[in-house]
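Below you'll find the structure, written out as structure tokens, and then a few comments.
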Amino acid sequence: MATGADVRDILELGGPEGEAASGTISKKDIINPDKKKSKKSSETLTFKRPEGMHREVYALLYSDKKDAPPLLPSDTGQGYRTVKAKLGSKKVRPWKWMPFTNPARKDGAMFFHWRRAAEEGKDYPFARFNKTVQVPVYSEQEYQLYLHDDAWTKAETDHLFDLSRRFDLRFVVIHDRYDHQQFKKRSVEDLKERYYHICAKLANVRAVPGTDLKIPVFDAGHERRRKEQLERLYNRTPEQVAEEEYLLQELRKIEARKKEREKRSQDLQKLITAADTTAEQRRTERKAPKKKLPQKKEAEKPAVPETAGIKFPDFKSAGVTLRSQRMKLPSSVGQKKIKALEQMLLELGVELSPTPTEELVHMFNELRSDLVLLYELKQACANCEYELQMLRHRHEALARAGVLGGPITPASGPAPTSAESSVPESSLGPDPTKDTIIDVVGAPLTPNSRKRRESASSSSSVKKAKKP
């Protein structure tokens, strides 16, 4: 037989907790079953967030209980808003117009201001900022024993210390208020020197044995020199300022040329070392007896420094490769060197892409490495010769102007090339008769002269290499 709970489940009815517990059906459940169903469905109804609305904005519209948004702003204390201060909960503290005195003033002046009635009779709050300098006091006996100075009288010293207390060691103000009519005219440095000398003497005399002393020291000579130098700097004429800027620019140019020369000398030393190392290895290989080695070991290249010519990539662990890839020039070789290398190979009658046998690949790479090394050495030699000729011309010009004071010696050595002779005299530096600055580093090379010299050196190196 069906019970009341079964009937309620079939009709999808829900009643109060008491009725559900007892399992009885009320009259309202049977007469109005649709109202319960609609109420139940309205409770479980959910609202979907509209498209384009951010989650934070949608969360402000409805709470977790799905309540409707309030029509008027409410002060519930929940949410992102901070609770406002609740004013009017206590009585307003009364203010009073009361007099006060500033302890920093010694004339007893009376002032008035508004202040809370509870603070009546308290000290002026800004009196704690009144900081005074502790100027030492000396007795007659101490002055006669330790502080006596022939250049200063006791009355003048007392006047100095009195002004120091009044103006808190502001020596510019002290110098302005100093009585120059009654006493000797003193500078600010003289006043400082006398004051700090007395302070140091009194600190040494009154010091307790075994304590660390902090003795003030004032260097009057250094202060005078500093102000004198500052005055000279301020009184410079526009011509002197321009001359100083010119000298600074020349100094920077000389330092830059010196660094460039040092870098070139280091590169030249590396090239010479690499050439010597390569020649020594070749002699060793010729003297050593030839032995039959496996094919893989024959392809091994002797260890040569990285600066010696071209360093070709190693394809030992690259898998399957072609021999022609070993003849490919690395990306570290510039386009200028590649063109010079191709021109030298054509002058020698060597193919640019020979048949890539094992022996040919090894010899072709060695030949190109030696040619690049020869090209770099020729270029460095041409640079050195050009700089040497420039220094000779500069020495002659300075000797003619009488700057060096020695006899004029003709320039010895090879005659300058067409690139060297085409350099104008203005590039050699300023006129020695107008400017006596000697640039021992040398003038920088212009781009046109450098290009002409490189082309001339490359063509001459090809001709020399072609000769037997």
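By order in the structure tokens, chains are A, B, ...; within a chain, residues start at 1; ligands start at 1, following the order shown.
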
### Message
When you look at range 110-118 of chain A with a cut-off of 10 Å (counting only C-alpha atoms), what residues show up, excluding the ones that are within fewer than 5 positions of it in the same chain? I need them as a PyMOL selection string.
### Response
chain A and resi 93-102

### Query
Which residues, written as an NGL selection string, have at least one atom at most 9 Å from range 197-201 of chain A, with only C-alpha atoms counted and residues fewer than 3 positions away on the same chain left out?
:A and (135-136 or 146-147 or 192-194 or 204-206 or 214-218)

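The coordinates place CA of Val208 in chain A at 17.2 Å from CA of Tyr138 in chain A.
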
### Task
Do a neighbour search on Ser139 in chain A at 12 Å with only C-alpha atoms, toss out local chain neighbours closer than 3 positions, and write the hits as a count of residues only.
11

### Message
Please identify the alpha helix (DSSP H) residues within range 128-309 of chain A (assignment by DSSP from backbone atoms) and present them as an MDAnalysis selection string.
### Response
chainID A and resid 140:142 154:166 171:177 188:206 220:234 238:287 295:298

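Counting from CA of Arg264 in chain A, the distance to CA of Ala380 in chain A is 8.3 Å.
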
Name all residues at most 6 Å from range 369-379 of chain A (count only C-alpha atoms; drop same-chain ones fewer than 2 positions away) and give them as a PDB file with C-alpha atoms, in the first residue's frame.
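Ended up saving to result.pdb:
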ATOM      1  CA  GLY A 309      94.893  33.168 -41.751  1.00  0.00           C
ATOM      2  CA  ILE A 310      91.547  31.356 -41.926  1.00  0.00           C
ATOM      3  CA  GLU A 366      96.272  25.830 -46.478  1.00  0.00           C
ATOM      4  CA  LEU A 367      97.052  27.928 -49.568  1.00  0.00           C
ATOM      5  CA  CYS A 381     103.388  46.796 -43.214  1.00  0.00           C
ATOM      6  CA  ALA A 382     101.865  49.452 -45.483  1.00  0.00           C
TER       7      ALA A 382
END
